[in-house]
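Engineer: Please read through the structure below; I'll follow up with questions.
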Amino acid sequence: MYKAKMKLTTQQQDIMDGKDGETKAKMMECLVRYGDIFDADRLVPLTHKEGHLVTSFGIKMLTPIYPMMDQLIKAGLKAEEGFTADPRPMDFENVKASPLEKLVFEKFMYSEQEKYEEQLRKVGLVNKDAFSCTCYLKEVGNTPKKGDILSWAESSAVVYANSVLGARCNRNSGIIELFGTILGYAPDFGFLTDEGRKAKWKVIVKTTKLPEAQILGSAIGMKALQDVPYVIGLDKWLKDLPDDDTISYLKDFGAATASNGAVGLYHIDKITPEAKELGESLINSDAKEYVIDDAEIERVYRSYPIMWKNPKKKAYQCFIGCPHLTFKQLNDWTENMVKSLKESGKKKLVIRTVFTTSPQVAEEFKATTKYIEFINTGAHLSSICPLMYADNPLCGARRLMTNSNKLRTYTFSRYYKDADVLKLITGKENF
């Protein structure tokens with residue numbers, strides 16, 4: 001029997017001793033061992049009990065997960081307040097895939113998807129449309145409050161919850177997040193502690209205009225790696241939260257820091273909750289300094305490799321929305337596409353372009369007149385995970401373009417700035 005290094009309450013020790021059954025005991029032991037590795041001195045109760053799972057896809061290779069889920073179901077274990085999950089991997093109606101690509105998806109890659117979703121429902125998936133990487137947006141509703149303790153894993157959701165909402169969550173691994181959600185505890189270390197939320201990097205932005213969120217986040221992620229950055233200078237352009245444009249910017253910025261590095265928390269001077277409250281006292285006395293000007297932004301952008309076999313050929317497909325787009329972003333992209341198509345003399349987009357958003361935002365957007373304009377451009381709306389689509393070796397080998405640094409990092413997709421994406425998909429510029 002495992003002897004915990006941390007101090008457990010009587011109730012926690014009873015669970016690990018098997019008084020609530022063998023399956024729950026194993027879950028508790030996993031959570032305790034996880035905390036012990038990082039020198040946590042205790043388990044603390046979750047105050048936001050709705051979880052979020054990173055493992056949303058029924059990939060065939062994840063063979064240990066499916067019998068484990070059956071064990072949870074057999075033991076009657078379920079998340080008390082449910083959980084949301086990352087996006088689904090397939091949407092053949094809106095995302096282009098050849099018959100061979102569909103076969104690979106359905107028979108070889110995500111052959112367990114239907115079965116796995118049924119398992120997820122039985123252990124607490126909140127509803128059939130609870131699949132989005134932006135679970136924290138108001139339309140989806142899994143929105144923690146400042147100071148809340150969570151058990152999540154999706155990197156872009158964790159960094160948003162920690163930074164923009166001021167909640168407290170470590171970058172947990174897949175399944176550990178589920179164990180924590182069901183048990184109602186999280187090991188007390190890292191971002192759950194005041195000390196763990198201090199900044200080890202002071203980043204000073206000296207650009208002449210608001211930098212592209214995805215490139216700025218990429219630059220900081222590659223420099224800070226897993227450390228906490230405190231960013232000074234963005235308040236010249238960003239409005240106070242909860243401004244829609246600020247939310248969109250910080251969502252994309254954070255996702256880039258988390259994927260191009262391993263940032264789980266950032267502070268934006270005068271903008272994010274803890275920075276507004278505590279200011280530069282959040283910066284450690286021995287923090288390193290990183291100055292970002294126009295030249296540095298351009299250097300980082302030019303450093304991205306182009307993985308296409310023929311860089312001069314036209315893109316096969318474009319993905320916009322990794323992480324999933326906000327309602328405001330969908331409206332803005334629609335307005336910009338309509339204007340750009342008019343200027344280029346085109347009626348439809350010249351590249352098949354898929355915009356991804358949560359099912360809830362998609363439903364709200366479809367109820368507006370703006371959606372008619374969106375459809376008339378030839379654009380497609382989906383709630384897929386573009387990364388999981390591009391993970392298919394056949395799809396991923398195609399010339400995919402994107403404005404997402406996360407998608408660029410994990411796939412062969414080619415990154416373009418927003419303005420360049422707009423010109424290329426509307427035919428104002430050629431490859």
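Residue numbering restarts at 1 for every chain of the structure tokens, chains are lettered A, B, ... in their displayed order, and ligands are numbered from 1 as they appear.
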Per DSSP on the backbone, filter stretch 161-311 of chain A down to the residues in strand (DSSP E or B) and report them as a list of chain:residue names.
Structural biologist: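 Here is the list: A:Arg168, A:Tyr185, A:Ala186, A:Pro187, A:Ala199, A:Lys200, A:Trp201, A:Lys202, A:Val203, A:Ile204, A:Val205, A:Pro229, A:Tyr230, A:Val231, A:Ile232, A:His267, A:Ile268, A:Ile283, A:Asn284, A:Ser285, A:Asp286, A:Ala287, A:Lys288, A:Glu289, A:Tyr290, A:Val291, A:Ile292.
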Engineer: Give the alpha helix (DSSP H) residues of stretch 288-405 of chain A, as assigned by DSSP on the backbone, as a PyMOL selection string.
Structural biologist: chain A and resi 294-302+327-344+359-366+369-376+386-390+393-396+405
Engineer: Taking only C-alpha atoms into account, name the residue in A:Lys128, A:Lys122, A:Arg299, A:Lys342 that is nearest to A:Leu77.
Structural biologist: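 Nearest to A:Leu77: A:Lys122.
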Engineer: Which residues come within 9 Å of stretch 96-99 of chain A, counting only C-alpha atoms, excluding same-chain residues fewer than 5 positions away, as a list in words?
Structural biologist: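 Those residues are Asp91, Val104, Gln317, Arg352 and Cys395 of chain A.
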Engineer: Which residues come within 9 Å of stretch 274-278 of chain A, counting only C-alpha atoms, excluding same-chain residues fewer than 5 positions away, as a ChimeraX atom specification?
Structural biologist: /A:146,163-164,166,230,267-269
Engineer: Can you spit out the residues from that selection as a PDB file, in the first residue's frame, using C-alpha atoms?
Structural biologist:
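Result file follows (out34.pdb):
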```pdb
ATOM      1  CA  LYS A 146     -11.406  34.496  -9.319  1.00  0.00           C
ATOM      2  CA  SER A 163      -4.739  34.428 -16.155  1.00  0.00           C
ATOM      3  CA  VAL A 164      -7.922  36.085 -17.408  1.00  0.00           C
ATOM      4  CA  GLY A 166      -7.865  34.583 -11.864  1.00  0.00           C
ATOM      5  CA  TYR A 230       4.337  39.640 -16.315  1.00  0.00           C
ATOM      6  CA  HIS A 267      -0.184  38.552 -15.887  1.00  0.00           C
ATOM      7  CA  ILE A 268      -1.008  41.564 -18.075  1.00  0.00           C
ATOM      8  CA  ASP A 269      -0.217  44.833 -16.321  1.00  0.00           C
TER       9      ASP A 269
END
```
Engineer: Measuring atom to atom with only C-alpha atoms, identify which of A:Val300, A:Ile306, A:Leu407, A:Val361 is nearest to A:Ala258.
Structural biologist: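 Among A:Val300, A:Ile306, A:Leu407, A:Val361, it is A:Leu407 that comes nearest to A:Ala258.
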Engineer: List the neighbours of A:Pro187 out to 6 Å using only C-alpha atoms; skip same-chain residues closer than 4 positions along the sequence, and give me the result as a PyMOL selection string.
Structural biologist: chain A and resi 35+40+43
Engineer: I need the residue nearest A:Gly58 from this list: A:Asn142, A:Gln11, A:Gln214, A:Gln113. Use only C-alpha atoms for the distance.
Structural biologist: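 Residue with the minimum atom-to-atom distance to A:Gly58: A:Gln113.
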Engineer: A:Arg414: which residues within 7 Å, counting only C-alpha atoms, same-chain residues fewer than 3 positions away excluded, as a list of chain:residue names?
Structural biologist: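 The neighbour list is A:Ile306, A:Met307, A:Leu400, A:Met401, A:Thr402, A:Arg408.
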Engineer: Which residues are close to A:Lys423, i.e. within 9 Å by only C-alpha atoms, leaving aside same-chain residues fewer than 6 positions away? Reply as a list in words.
Structural biologist: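 Once the nearby chain positions are removed, what remains is Met337, Ser340, Leu341, Ser344, Glu429 and Asn430 of chain A.
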Engineer: So, counting only C-alpha atoms, which residue among A:Arg42, A:Lys251, A:His380, A:Arg121 is closest to A:Cys322?
Structural biologist: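 With only C-alpha atoms as the atom set, the closest residue is A:Lys251.
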Engineer: Quick one: distance from atom CA of A:Glu117 to atom CA of A:Val354 in Å, one decimal?
Structural biologist: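 Answer for the atom CA of A:Glu117 to atom CA of A:Val354 separation: 23.9 Å.
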Engineer: Would you please work out which residue, of A:Phe105, A:Tyr185, A:Tyr2, A:Phe253, is nearest to A:Leu265 when using only C-alpha atoms?
Structural biologist: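 Among A:Phe105, A:Tyr185, A:Tyr2, A:Phe253, it is A:Phe253 that comes nearest to A:Leu265.
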Engineer: Could you check the closest approach to A:Gly254 for each of A:Lys209, A:Lys428, A:Lys236, A:Lys406 and tell me which residue wins, using only C-alpha atoms?
Structural biologist: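 Comparing A:Lys209, A:Lys428, A:Lys236, A:Lys406 against A:Gly254, the winner is A:Lys406.
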